[in-house]
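Input: a single structure, listed below in structure tokens.
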Amino acid sequence: MDQAPVQASLQFDSLQSQLDGVGRRVNLSPRIRFGLRLALAMVMAYGVALSMDWQKPFWAGLSVTVLSLDSAGQSLLKIILRIVGTLAAAVVALSLIALFPQERWWFFLSLSLYEGFCCYRMLGSPYPYAWMVSGFVAAIIAIDGGPPDGLTDFNVAMERLQETGTGILAYTFSGFLIPTGSTGGAFQANILAMSQRLGSLLESCLAPYAGNSTSDPQMAKDLRQLDAEAATLESLVAPAALESGSIWRERRRWHRAALGLRALPRVLNHVRLAGLGLAERERLLLEPSVSLLHKGVEQRFAAIGQAMAGQSPGSPPPSSPLLRVISPERMECSMEERARLQASWRPLQHLDELSARLWGLIHPDPSGNDQASSSGLRTHLYVRLAMIDPDHLWLASRLMVQIWIAVLLWIYLPGLPLGLTIISLMPSIGLTMAQTPMLRGQTLIAPALQALLATGVVYVFVLPRLDGFFGLASVLAMASFAIGTYYYKNAPMRTLTLCLFIVACSIRNQQTYSFINFLNLSIAVFVAFAIAAFSQDLPVSWLPERQALRLLRRLMFSANAIVELTTHMAHTPLRWPQRIRLAFHRKAARDIPAKLASLAVKLPLQVLKLNQAQIDELVNAVQSVSLWLEEWSEATPQLNAPSFNLPSASLPEFRKSLEDGVLPSAPFHLVSALQAVEAINKGCSFQLKGLPADQAKGRETVRLTLWLGCGFRLESAMRELQG
């Protein structure tokens with residue numbers, strides 16, 4: 001087997017290895033090297049900014065602060081995103097100033113809408129930092145250069161761009177002098193580690209097909225951990241491509257491989273759930289399929305690990321598909337048994353397709369016949385980011401509320417010190433809180449005040465005694481090195497502390513020291529974080545238990561809508577508004593289990609009067625409903641013949657609004673959806689039993705049988721969730 005494509009994609013640039021070797025020869029730990037790199041970049045950025053006599057040199061220091069990451073690839077990616085975000089922010093800010101020079105209400109309304117748009121796009125984008133930078137930089141440029149002083153707006157925007165570029169160049173140059181880690185090695189090591197664990201996970205997921213008991217909570221935790229590792233892997237593709245020319249040339253292939261690995265935990269979980277509840281006869285009928293799949297997929301996972309380790313597989317893994325020669329359509333059984341077998345066989349087919357796709361991506365076919373690019377695979381490998389996410393809308397609304405609270409305080413409390421500074425701070429704080437919705441605003445006040453207190457000591461007792469740039473550079477280097485090494489593993493706290501230090505010191509060429517100015521800035525920072533704490537539950541609460549109940553209600557609502565639209569689709573094609581509605585609810589039902597699983601470890605068990613085992617059972621039930629709901633809606637047959645008319649499942653409308661945070665004793669939407677699925681299953685079973693023998697293996701009958709089998713599993717999952 002030709003290993004040239006694999007070796008070419010796994011070789012990293014020689015320059016990267018040489019730079020990493022410099023740090024090893026000096027015998028410095030990664031923490032110390034990171035602190036030295038940050039200190040050197042900070043001194044260089046301030047040196048250029050002060051020599052150019054810019055009005056606000058600390059902007060260059062802020063650029064260095066936010067670009068400080070462990071590896072060169074991550075920093076370079078962040079540099080590119082920061083440039084793009086800053087350019088977009090400058091265009092938007094200058095446009096708002098030109099459109100509303102004397103209309104502050106329209107100005108702040110437009111600015112808040114843009115901040116909300118950036119927040120929403122940030123939460124669903126593969127490159128969220130660009131949207132984050134565009135949001136908070138637009139506020140800084142528009143407010144510092146706009147109302148009430150709009151005469152120097154263009155100069156402010158250009159100076160911001162220049163100082164951002166200065167910070168970028170300083171950090172890039174310091175990275176060549178003092179290299180840190182590499183992303184390419186971590187990317188390769190993560191794939192290798194995942195491939196080594198996949199064999200044991202596969203065996204555990206296929207254990208129910210052999211009648212062996214499996215620990216559902218532990219298995220679910222292992223799959224969630226695999227999903228977290230796959231998500232991290234996806235974020236490493238772009239930085240690794242920027243570090244290595246070989247990965248850059250194959251970046252599309254590696255990105256697809258990362259997406260495939262991200263889809264793998266969901267497919268494995270679907271396989272595990274499909275094996276639960278099988279009768280003894282059904283397990284015996286599926287045993288040849290399971291054995292064949294287990295052997296073939298295990299060989300593919302082992303070959304992926306060998307390829308990532310730079311070794312040649314002992315024997316090429318089998319090509320896809322594995323299960324075409326063995327299918328429930330050829331088994332001698334009753335119609336209902338065949339329906340259940342087809343539903344349980346379907347996830348096995350998905351695993352077959354996905355494992356073959358991953359092997360084709362990791363080890364491309366030298367002949368060019370790449371099965372990984374086949375268009376016949378399922379859509380679970382792709383994510384539609386353009387669909388509306390209600391949680392993202394709520395978080396964007398919260399950011400807009402925070403901005404307007406600051407605006408109203410500035411307008412109606414004219415004695416409030418640095419009111420415009422408070423407004424310009426709110427997008428930075430709000431966008432940070434949007435990335436971590438459970439973060440409480442009051443938890444940020446104490447670290448911010450501690451950082452300001454330490455900065456006040458330097459500002460009052462150290463800076464006035466300095467003479468020349470050498471003394472200033474020494475203070476900047478020591479402060480940056482201390483903060484960078486102390487918060488080496490805590491990037492948010494490092495950024496917060498160093499940003500407050502830089503802004504509070506406000507170093508300029510014509511430096512004036514005033515305790516009143518420092519006190520006013522401290523008050524402004526405290527007010528900004530107080531606004532964040534006050535508005536953290538607006539417009540909805542983000543306490544874990546409230547969010548979990550909200551997700552459960554949305555799952556019930558989406559299940560009801562999917563059943564209604566799918567039943568309608570079986571009779572007549574859907575119009576475009578109905579297709580959009582169905583796509584929205586499918587995405588909601590697909591995303592909710594992962595969100596609920598991430599909340600499971602944060603739920604207050606004493607408040608809910610539950611134990612962790614019950615929470616795990618709830619998460620498993622929600623995942624089961626989501627998976628079978630997706631499978632059932634995708635397997636909908638086109639029932640155009642009169643003999644296949646199903647009983648219409650009229651679903652009751654939602655007439656009652658649920659109180660926030662209170663889960664009703666009888667889940668209204670789940671009950672109505674369950675009743676509809678029961679009616680459909682009864683109609684399908686009745687019609688399939690009455691079919692003549694010559695129509696039993698027709699195409700429409702096969703699809704109807706698969707739909708019935710998925711309906712049986714969906715009905716069982718809904719009953720489990722209801723209980």
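Residue numbering restarts at 1 in every chain; chains get A, B, ... in the order shown in the structure tokens, and ligands count up from 1 in that same order.
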
For Gln638 (chain A), find every residue with an atom within 12 Å (counting only C-alpha atoms), except residues of its own chain fewer than 4 positions away, and show them as a PDB file with N, CA, C and O atoms, in the first residue's frame.
ATOM      1  N   THR A 566     -43.832  15.417   9.700  1.00  0.00           N
ATOM      2  CA  THR A 566     -43.443  14.167   9.039  1.00  0.00           C
ATOM      3  C   THR A 566     -44.661  13.386   8.583  1.00  0.00           C
ATOM      4  O   THR A 566     -44.682  12.811   7.486  1.00  0.00           O
ATOM      5  N   THR A 567     -45.702  13.351   9.406  1.00  0.00           N
ATOM      6  CA  THR A 567     -46.935  12.657   9.017  1.00  0.00           C
ATOM      7  C   THR A 567     -47.574  13.326   7.804  1.00  0.00           C
ATOM      8  O   THR A 567     -48.058  12.656   6.885  1.00  0.00           O
ATOM      9  N   HIS A 568     -47.531  14.653   7.800  1.00  0.00           N
ATOM     10  CA  HIS A 568     -48.072  15.377   6.649  1.00  0.00           C
ATOM     11  C   HIS A 568     -47.227  15.106   5.399  1.00  0.00           C
ATOM     12  O   HIS A 568     -47.767  14.969   4.287  1.00  0.00           O
ATOM     13  N   MET A 569     -45.894  15.028   5.580  1.00  0.00           N
ATOM     14  CA  MET A 569     -45.000  14.801   4.445  1.00  0.00           C
ATOM     15  C   MET A 569     -45.212  13.428   3.827  1.00  0.00           C
ATOM     16  O   MET A 569     -44.937  13.225   2.641  1.00  0.00           O
ATOM     17  N   ALA A 570     -45.667  12.444   4.620  1.00  0.00           N
ATOM     18  CA  ALA A 570     -45.906  11.110   4.078  1.00  0.00           C
ATOM     19  C   ALA A 570     -47.048  11.102   3.078  1.00  0.00           C
ATOM     20  O   ALA A 570     -47.117  10.217   2.216  1.00  0.00           O
ATOM     21  N   HIS A 571     -47.962  12.085   3.181  1.00  0.00           N
ATOM     22  CA  HIS A 571     -49.117  12.134   2.276  1.00  0.00           C
ATOM     23  C   HIS A 571     -48.865  13.077   1.108  1.00  0.00           C
ATOM     24  O   HIS A 571     -49.069  12.724  -0.049  1.00  0.00           O
ATOM     25  N   THR A 572     -48.424  14.292   1.390  1.00  0.00           N
ATOM     26  CA  THR A 572     -48.215  15.307   0.360  1.00  0.00           C
ATOM     27  C   THR A 572     -46.886  16.007   0.610  1.00  0.00           C
ATOM     28  O   THR A 572     -46.457  16.150   1.772  1.00  0.00           O
ATOM     29  N   PRO A 573     -46.211  16.474  -0.437  1.00  0.00           N
ATOM     30  CA  PRO A 573     -44.933  17.180  -0.252  1.00  0.00           C
ATOM     31  C   PRO A 573     -45.127  18.466   0.549  1.00  0.00           C
ATOM     32  O   PRO A 573     -46.156  19.137   0.460  1.00  0.00           O
ATOM     33  N   LEU A 574     -44.124  18.797   1.322  1.00  0.00           N
ATOM     34  CA  LEU A 574     -44.176  20.008   2.140  1.00  0.00           C
ATOM     35  C   LEU A 574     -43.845  21.229   1.299  1.00  0.00           C
ATOM     36  O   LEU A 574     -43.017  21.179   0.387  1.00  0.00           O
ATOM     37  N   SER A 633     -37.912  10.553  11.179  1.00  0.00           N
ATOM     38  CA  SER A 633     -38.310  11.615  10.251  1.00  0.00           C
ATOM     39  C   SER A 633     -37.562  11.519   8.927  1.00  0.00           C
ATOM     40  O   SER A 633     -38.092  11.918   7.881  1.00  0.00           O
ATOM     41  N   GLU A 634     -36.332  10.987   8.921  1.00  0.00           N
ATOM     42  CA  GLU A 634     -35.577  10.855   7.678  1.00  0.00           C
ATOM     43  C   GLU A 634     -36.008   9.635   6.874  1.00  0.00           C
ATOM     44  O   GLU A 634     -35.772   9.577   5.664  1.00  0.00           O
ATOM     45  N   PRO A 642     -53.183   4.889  -2.979  1.00  0.00           N
ATOM     46  CA  PRO A 642     -54.337   4.910  -2.070  1.00  0.00           C
ATOM     47  C   PRO A 642     -54.271   3.809  -1.022  1.00  0.00           C
ATOM     48  O   PRO A 642     -54.794   3.971   0.079  1.00  0.00           O
ATOM     49  N   PHE A 644     -51.925   2.944   0.753  1.00  0.00           N
ATOM     50  CA  PHE A 644     -51.022   3.255   1.848  1.00  0.00           C
ATOM     51  C   PHE A 644     -51.473   4.485   2.632  1.00  0.00           C
ATOM     52  O   PHE A 644     -50.665   5.142   3.270  1.00  0.00           O
ATOM     53  N   ASN A 645     -52.744   4.841   2.540  1.00  0.00           N
ATOM     54  CA  ASN A 645     -53.228   5.985   3.308  1.00  0.00           C
ATOM     55  C   ASN A 645     -53.187   5.670   4.797  1.00  0.00           C
ATOM     56  O   ASN A 645     -53.761   4.681   5.250  1.00  0.00           O
ATOM     57  N   LEU A 646     -52.497   6.521   5.562  1.00  0.00           N
ATOM     58  CA  LEU A 646     -52.374   6.322   6.996  1.00  0.00           C
ATOM     59  C   LEU A 646     -53.422   7.144   7.726  1.00  0.00           C
ATOM     60  O   LEU A 646     -53.916   8.149   7.216  1.00  0.00           O
ATOM     61  N   ARG A 699     -40.326  -1.656  -3.212  1.00  0.00           N
ATOM     62  CA  ARG A 699     -39.539  -0.545  -2.660  1.00  0.00           C
ATOM     63  C   ARG A 699     -40.336   0.256  -1.639  1.00  0.00           C
ATOM     64  O   ARG A 699     -39.829   0.605  -0.576  1.00  0.00           O
ATOM     65  N   GLU A 700     -41.591   0.539  -1.956  1.00  0.00           N
ATOM     66  CA  GLU A 700     -42.417   1.305  -1.018  1.00  0.00           C
ATOM     67  C   GLU A 700     -42.654   0.519   0.262  1.00  0.00           C
ATOM     68  O   GLU A 700     -42.669   1.084   1.364  1.00  0.00           O
ATOM     69  N   THR A 701     -42.820  -0.802   0.132  1.00  0.00           N
ATOM     70  CA  THR A 701     -43.041  -1.625   1.315  1.00  0.00           C
ATOM     71  C   THR A 701     -41.807  -1.651   2.209  1.00  0.00           C
ATOM     72  O   THR A 701     -41.914  -1.616   3.441  1.00  0.00           O
ATOM     73  N   VAL A 702     -40.628  -1.711   1.591  1.00  0.00           N
ATOM     74  CA  VAL A 702     -39.390  -1.716   2.378  1.00  0.00           C
ATOM     75  C   VAL A 702     -39.254  -0.409   3.159  1.00  0.00           C
ATOM     76  O   VAL A 702     -38.896  -0.406   4.344  1.00  0.00           O
ATOM     77  N   ARG A 703     -39.542   0.713   2.519  1.00  0.00           N
ATOM     78  CA  ARG A 703     -39.442   1.995   3.212  1.00  0.00           C
ATOM     79  C   ARG A 703     -40.486   2.109   4.317  1.00  0.00           C
ATOM     80  O   ARG A 703     -40.214   2.646   5.388  1.00  0.00           O
ATOM     81  N   LEU A 704     -41.689   1.608   4.031  1.00  0.00           N
ATOM     82  CA  LEU A 704     -42.722   1.645   5.056  1.00  0.00           C
ATOM     83  C   LEU A 704     -42.351   0.749   6.241  1.00  0.00           C
ATOM     84  O   LEU A 704     -42.609   1.096   7.399  1.00  0.00           O
ATOM     85  N   TRP A 707     -39.821   2.596   8.293  1.00  0.00           N
ATOM     86  CA  TRP A 707     -40.501   3.663   9.040  1.00  0.00           C
ATOM     87  C   TRP A 707     -41.228   3.092  10.248  1.00  0.00           C
ATOM     88  O   TRP A 707     -41.207   3.672  11.331  1.00  0.00           O
TER      89      TRP A 707
END

Residues near region 42-55 of chain A, anyone? I mean within 7 Å using only C-alpha atoms, not counting same-chain ones fewer than 3 positions away, as JSON, numbers by chain.
{"A": [38, 39, 60, 61, 64, 163, 166, 167, 170, 473, 476, 477, 508, 509]}

Give me the residues near Asn520 (chain A) as a PyMOL selection string, where near means some atom within 8 Å (using only C-alpha atoms) and where sequence neighbours in that chain fewer than 4 positions away do not count.
chain A and resi 417-418+516+524

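Across the structure, CA of Leu77 (chain A) and CA of Lys587 (chain A) are spaced 29.2 Å apart.
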
Close residues, region 340-356 of chain A itself excluded, 8 Å, only C-alpha atoms, min 6 positions apart in chain, as a tab-separated table (two decimals) with all heavy atoms, in the first residue's frame:
chain	number	residue	atom	x	y	z
A	260	GLY	N	-15.85	14.19	10.66
A	260	GLY	CA	-16.25	12.80	10.78
A	260	GLY	C	-16.00	12.25	12.18
A	260	GLY	O	-16.84	11.52	12.73
A	264	LEU	N	-18.68	10.80	15.09
A	264	LEU	CA	-18.53	9.41	15.52
A	264	LEU	C	-19.17	9.11	16.87
A	264	LEU	O	-19.83	8.06	17.01
A	264	LEU	CB	-17.05	9.04	15.53
A	264	LEU	CG	-16.71	7.56	15.66
A	264	LEU	CD1	-17.36	6.76	14.55
A	264	LEU	CD2	-15.20	7.37	15.63
A	267	VAL	N	-22.91	8.55	16.41
A	267	VAL	CA	-23.22	7.31	15.68
A	267	VAL	C	-23.01	6.10	16.59
A	267	VAL	O	-23.82	5.16	16.60
A	267	VAL	CB	-22.37	7.22	14.41
A	267	VAL	CG1	-22.58	5.90	13.71
A	267	VAL	CG2	-22.71	8.37	13.47
A	268	LEU	N	-21.92	6.09	17.37
A	268	LEU	CA	-21.69	4.99	18.29
A	268	LEU	C	-22.78	4.90	19.35
A	268	LEU	O	-23.22	3.80	19.72
A	268	LEU	CB	-20.32	5.15	18.96
A	268	LEU	CG	-19.09	4.88	18.08
A	268	LEU	CD1	-17.82	5.25	18.83
A	268	LEU	CD2	-19.04	3.44	17.64
A	270	HIS	N	-25.84	5.84	18.93
A	270	HIS	CA	-27.03	5.33	18.24
A	270	HIS	C	-26.95	3.81	18.09
A	270	HIS	O	-27.96	3.10	18.25
A	270	HIS	CB	-27.15	6.00	16.87
A	270	HIS	CG	-28.50	5.88	16.27
A	270	HIS	ND1	-28.82	6.37	15.03
A	270	HIS	CD2	-29.65	5.31	16.73
A	270	HIS	CE1	-30.08	6.11	14.75
A	270	HIS	NE2	-30.61	5.47	15.77
A	271	VAL	N	-25.77	3.30	17.78
A	271	VAL	CA	-25.59	1.86	17.68
A	271	VAL	C	-25.87	1.19	19.02
A	271	VAL	O	-26.54	0.14	19.10
A	271	VAL	CB	-24.16	1.54	17.19
A	271	VAL	CG1	-23.86	0.05	17.32
A	271	VAL	CG2	-23.98	1.99	15.75
A	274	ALA	N	-29.60	1.24	19.75
A	274	ALA	CA	-30.35	0.33	18.88
A	274	ALA	C	-30.24	-1.11	19.35
A	274	ALA	O	-31.13	-1.92	19.08
A	274	ALA	CB	-29.84	0.46	17.44
A	275	GLY	N	-29.16	-1.46	20.05
A	275	GLY	CA	-29.00	-2.83	20.53
A	275	GLY	C	-29.74	-3.12	21.81
A	275	GLY	O	-29.95	-4.29	22.16
A	282	GLU	N	-34.36	-11.64	17.63
A	282	GLU	CA	-33.85	-10.52	16.84
A	282	GLU	C	-32.32	-10.44	16.95
A	282	GLU	O	-31.64	-10.13	15.96
A	282	GLU	CB	-34.50	-9.23	17.30
A	282	GLU	CG	-36.00	-9.17	17.02
A	282	GLU	CD	-36.67	-8.01	17.73
A	282	GLU	OE1	-36.00	-7.33	18.53
A	282	GLU	OE2	-37.87	-7.81	17.48
A	286	LEU	N	-29.57	-10.75	13.83
A	286	LEU	CA	-28.61	-9.68	13.55
A	286	LEU	C	-27.17	-10.10	13.82
A	286	LEU	O	-26.25	-9.34	13.50
A	286	LEU	CB	-28.93	-8.44	14.39
A	286	LEU	CG	-30.12	-7.59	13.94
A	286	LEU	CD1	-30.37	-6.47	14.93
A	286	LEU	CD2	-29.87	-7.00	12.56
A	290	VAL	N	-23.67	-8.05	12.92
A	290	VAL	CA	-22.87	-7.43	13.98
A	290	VAL	C	-21.45	-7.96	13.97
A	290	VAL	O	-20.48	-7.20	14.12
A	290	VAL	CB	-23.56	-7.65	15.34
A	290	VAL	CG1	-22.67	-7.13	16.47
A	290	VAL	CG2	-24.91	-6.96	15.38
A	293	LEU	N	-19.58	-6.50	10.98
A	293	LEU	CA	-19.31	-5.08	11.19
A	293	LEU	C	-18.22	-4.88	12.24
A	293	LEU	O	-17.33	-4.03	12.07
A	293	LEU	CB	-20.60	-4.36	11.61
A	293	LEU	CG	-20.46	-2.86	11.84
A	293	LEU	CD1	-20.33	-2.14	10.51
A	293	LEU	CD2	-21.65	-2.31	12.61
A	297	VAL	N	-14.96	-2.79	11.10
A	297	VAL	CA	-14.76	-1.45	11.66
A	297	VAL	C	-13.55	-1.43	12.58
A	297	VAL	O	-12.79	-0.46	12.63
A	297	VAL	CB	-16.03	-0.99	12.38
A	297	VAL	CG1	-15.80	0.33	13.10
A	297	VAL	CG2	-17.18	-0.84	11.38
A	300	ARG	N	-10.57	-1.02	10.54
A	300	ARG	CA	-10.42	0.36	10.06
A	300	ARG	C	-9.87	1.27	11.15
A	300	ARG	O	-8.98	2.10	10.89
A	300	ARG	CB	-11.77	0.88	9.57
A	300	ARG	CG	-12.25	0.24	8.28
A	300	ARG	CD	-13.68	0.60	7.98
A	300	ARG	NE	-14.18	-0.08	6.79
A	300	ARG	CZ	-15.46	-0.16	6.46
A	300	ARG	NH1	-16.37	0.38	7.25
A	300	ARG	NH2	-15.83	-0.79	5.37
A	301	PHE	N	-10.40	1.17	12.38
A	301	PHE	CA	-9.90	2.00	13.47
A	301	PHE	C	-8.43	1.70	13.74
A	301	PHE	O	-7.63	2.62	13.98
A	301	PHE	CB	-10.73	1.77	14.72
A	301	PHE	CG	-12.11	2.35	14.66
A	301	PHE	CD1	-13.11	1.91	15.52
A	301	PHE	CD2	-12.43	3.33	13.75
A	301	PHE	CE1	-14.38	2.45	15.46
A	301	PHE	CE2	-13.70	3.87	13.67
A	301	PHE	CZ	-14.68	3.43	14.54
A	319	SER	N	-13.21	-2.67	2.34
A	319	SER	CA	-13.86	-1.51	1.75
A	319	SER	C	-15.34	-1.50	2.10
A	319	SER	O	-15.91	-2.50	2.53
A	319	SER	CB	-13.68	-1.51	0.24
A	319	SER	OG	-14.23	-2.69	-0.32
A	320	SER	N	-15.95	-0.35	1.91
A	320	SER	CA	-17.38	-0.20	2.21
A	320	SER	C	-18.19	-0.53	0.95
A	320	SER	O	-17.73	-0.31	-0.17
A	320	SER	CB	-17.64	1.24	2.66
A	320	SER	OG	-18.99	1.45	2.94
A	321	PRO	N	-19.42	-1.05	1.09
A	321	PRO	CA	-20.10	-1.34	2.36
A	321	PRO	C	-19.88	-2.78	2.81
A	321	PRO	O	-19.68	-3.68	2.00
A	321	PRO	CB	-21.56	-1.09	2.02
A	321	PRO	CG	-21.66	-1.44	0.56
A	321	PRO	CD	-20.34	-1.11	-0.06
A	322	LEU	N	-19.92	-2.97	4.11
A	322	LEU	CA	-19.78	-4.30	4.69
A	322	LEU	C	-21.10	-5.06	4.75
A	322	LEU	O	-21.13	-6.28	4.65
A	322	LEU	CB	-19.20	-4.19	6.10
A	322	LEU	CG	-17.77	-3.66	6.24
A	322	LEU	CD1	-17.45	-3.40	7.71
A	322	LEU	CD2	-16.77	-4.64	5.67
A	323	LEU	N	-22.20	-4.33	4.93
A	323	LEU	CA	-23.47	-4.96	5.27
A	323	LEU	C	-24.42	-5.09	4.08
A	323	LEU	O	-25.60	-5.38	4.28
A	323	LEU	CB	-24.16	-4.15	6.38
A	323	LEU	CG	-23.36	-3.96	7.66
A	323	LEU	CD1	-24.15	-3.13	8.66
A	323	LEU	CD2	-22.99	-5.31	8.26
A	327	SER	N	-28.83	-8.09	5.00
A	327	SER	CA	-29.80	-7.05	5.32
A	327	SER	C	-31.09	-7.71	5.80
A	327	SER	O	-31.38	-8.85	5.45
A	327	SER	CB	-30.08	-6.16	4.10
A	327	SER	OG	-30.71	-6.91	3.07
A	328	PRO	N	-31.89	-7.01	6.61
A	328	PRO	CA	-33.15	-7.59	7.12
A	328	PRO	C	-34.14	-7.96	6.02
A	328	PRO	O	-35.03	-8.77	6.25
A	328	PRO	CB	-33.69	-6.49	8.03
A	328	PRO	CG	-32.50	-5.69	8.42
A	328	PRO	CD	-31.60	-5.72	7.24
A	329	GLU	N	-34.00	-7.36	4.82
A	329	GLU	CA	-34.94	-7.67	3.75
A	329	GLU	C	-34.85	-9.14	3.33
A	329	GLU	O	-35.81	-9.69	2.78
A	329	GLU	CB	-34.65	-6.76	2.55
A	329	GLU	CG	-34.72	-5.27	2.90
A	329	GLU	CD	-34.21	-4.41	1.76
A	329	GLU	OE1	-34.15	-4.92	0.63
A	329	GLU	OE2	-33.86	-3.25	2.01
A	371	GLN	N	-13.36	7.13	-1.93
A	371	GLN	CA	-14.73	6.89	-1.49
A	371	GLN	C	-15.16	7.88	-0.42
A	371	GLN	O	-16.34	8.00	-0.12
A	371	GLN	CB	-14.86	5.47	-0.95
A	371	GLN	CG	-13.96	5.18	0.26
A	371	GLN	CD	-14.08	3.76	0.75
A	371	GLN	OE1	-15.00	3.06	0.36
A	371	GLN	NE2	-13.19	3.35	1.60
A	372	ALA	N	-14.20	8.61	0.17
A	372	ALA	CA	-14.56	9.56	1.20
A	372	ALA	C	-15.32	10.74	0.65
A	372	ALA	O	-15.99	11.45	1.38
A	372	ALA	CB	-13.31	10.06	1.93
A	377	LEU	N	-23.41	9.62	1.39
A	377	LEU	CA	-23.37	9.44	2.83
A	377	LEU	C	-24.35	10.36	3.52
A	377	LEU	O	-24.84	11.34	2.96
A	377	LEU	CB	-21.95	9.71	3.33
A	377	LEU	CG	-20.88	8.75	2.76
A	377	LEU	CD1	-19.53	9.07	3.35
A	377	LEU	CD2	-21.23	7.31	3.04
A	378	ARG	N	-24.58	10.07	4.79
A	378	ARG	CA	-25.59	10.80	5.54
A	378	ARG	C	-25.15	12.22	5.82
A	378	ARG	O	-23.98	12.56	5.83
A	378	ARG	CB	-25.87	10.08	6.87
A	378	ARG	CG	-26.67	8.81	6.72
A	378	ARG	CD	-26.65	8.01	7.99
A	378	ARG	NE	-27.01	8.80	9.15
A	378	ARG	CZ	-28.26	9.06	9.51
A	378	ARG	NH1	-29.25	8.61	8.79
A	378	ARG	NH2	-28.51	9.77	10.59
A	705	THR	N	-41.71	-0.39	5.96
A	705	THR	CA	-41.28	-1.28	7.04
A	705	THR	C	-40.21	-0.61	7.90
A	705	THR	O	-40.24	-0.71	9.13
A	705	THR	CB	-40.74	-2.59	6.45
A	705	THR	OG1	-41.73	-3.15	5.58
A	705	THR	CG2	-40.42	-3.58	7.54
A	706	LEU	N	-39.26	0.07	7.25
A	706	LEU	CA	-38.23	0.78	8.01
A	706	LEU	C	-38.86	1.89	8.86
A	706	LEU	O	-38.49	2.09	10.02
A	706	LEU	CB	-37.20	1.37	7.05
A	706	LEU	CG	-36.13	2.27	7.67
A	706	LEU	CD1	-35.30	1.52	8.70
A	706	LEU	CD2	-35.23	2.87	6.59
A	707	TRP	N	-39.82	2.60	8.29
A	707	TRP	CA	-40.50	3.66	9.04
A	707	TRP	C	-41.23	3.09	10.25
A	707	TRP	O	-41.21	3.67	11.33
A	707	TRP	CB	-41.47	4.38	8.11
A	707	TRP	CG	-41.90	5.74	8.60
A	707	TRP	CD1	-41.13	6.66	9.24
A	707	TRP	CD2	-43.20	6.32	8.49
A	707	TRP	NE1	-41.85	7.79	9.52
A	707	TRP	CE2	-43.13	7.60	9.06
A	707	TRP	CE3	-44.40	5.89	7.94
A	707	TRP	CZ2	-44.23	8.46	9.12
A	707	TRP	CZ3	-45.48	6.74	7.99
A	707	TRP	CH2	-45.41	8.02	8.57
A	708	LEU	N	-41.85	1.94	10.07
A	708	LEU	CA	-42.55	1.31	11.18
A	708	LEU	C	-41.56	0.89	12.27
A	708	LEU	O	-41.82	1.08	13.47
A	708	LEU	CB	-43.33	0.09	10.67
A	708	LEU	CG	-44.03	-0.76	11.74
A	708	LEU	CD1	-45.06	0.08	12.50
A	708	LEU	CD2	-44.69	-1.98	11.11
A	709	GLY	N	-40.41	0.32	11.87
A	709	GLY	CA	-39.42	-0.09	12.87
A	709	GLY	C	-38.89	1.10	13.65
A	709	GLY	O	-38.76	1.04	14.89
A	710	CYS	N	-38.57	2.19	12.96
A	710	CYS	CA	-38.12	3.40	13.67
A	710	CYS	C	-39.24	3.96	14.53
A	710	CYS	O	-38.98	4.53	15.61
A	710	CYS	CB	-37.65	4.45	12.66
A	710	CYS	SG	-36.18	3.98	11.73
A	712	PHE	N	-41.53	2.17	16.10
A	712	PHE	CA	-41.54	1.35	17.32
A	712	PHE	C	-40.48	1.82	18.31
A	712	PHE	O	-40.73	1.95	19.51
A	712	PHE	CB	-41.32	-0.12	16.96
A	712	PHE	CG	-42.52	-0.80	16.36
A	712	PHE	CD1	-42.37	-1.82	15.42
A	712	PHE	CD2	-43.80	-0.43	16.73
A	712	PHE	CE1	-43.48	-2.45	14.87
A	712	PHE	CE2	-44.92	-1.06	16.18
A	712	PHE	CZ	-44.76	-2.06	15.25
A	713	ARG	N	-39.26	2.05	17.82
A	713	ARG	CA	-38.18	2.48	18.70
A	713	ARG	C	-38.43	3.88	19.24
A	713	ARG	O	-38.12	4.19	20.39
A	713	ARG	CB	-36.84	2.44	17.97
A	713	ARG	CG	-36.47	1.09	17.39
A	713	ARG	CD	-36.57	-0.05	18.42
A	713	ARG	NE	-35.63	0.13	19.50
A	713	ARG	CZ	-34.42	-0.40	19.56
A	713	ARG	NH1	-34.00	-1.16	18.56
A	713	ARG	NH2	-33.64	-0.21	20.59

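The shortest atom-to-atom distance to Ser624 (chain A), with only C-alpha atoms taken into account, belongs to A:Ser716 out of A:Ser289, A:Ser716, A:Thr164, A:Ser474.
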
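The shell of residues at most 6 Å from region 389-403 of chain A, with only C-alpha atoms counted and near chain neighbours (fewer than 4 positions) removed, consists of Ser112, Gly116, Cys119, Tyr120, Met426, Gly430, Ala434 and Leu538 of chain A.
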
12 Å contact set for Leu236 (chain A), only C-alpha atoms, chain neighbours under 5 positions out, as an MDAnalysis selection string
chainID A and resid 71:75 77 126:127 182:191 229:231 241:243 247 251 254:255 257:259

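When only C-alpha atoms are used to compute distances to Ala307 (chain A), the closest of the residues A:Asn212, A:Arg262, A:Val407, A:Leu192 turns out to be A:Leu192.
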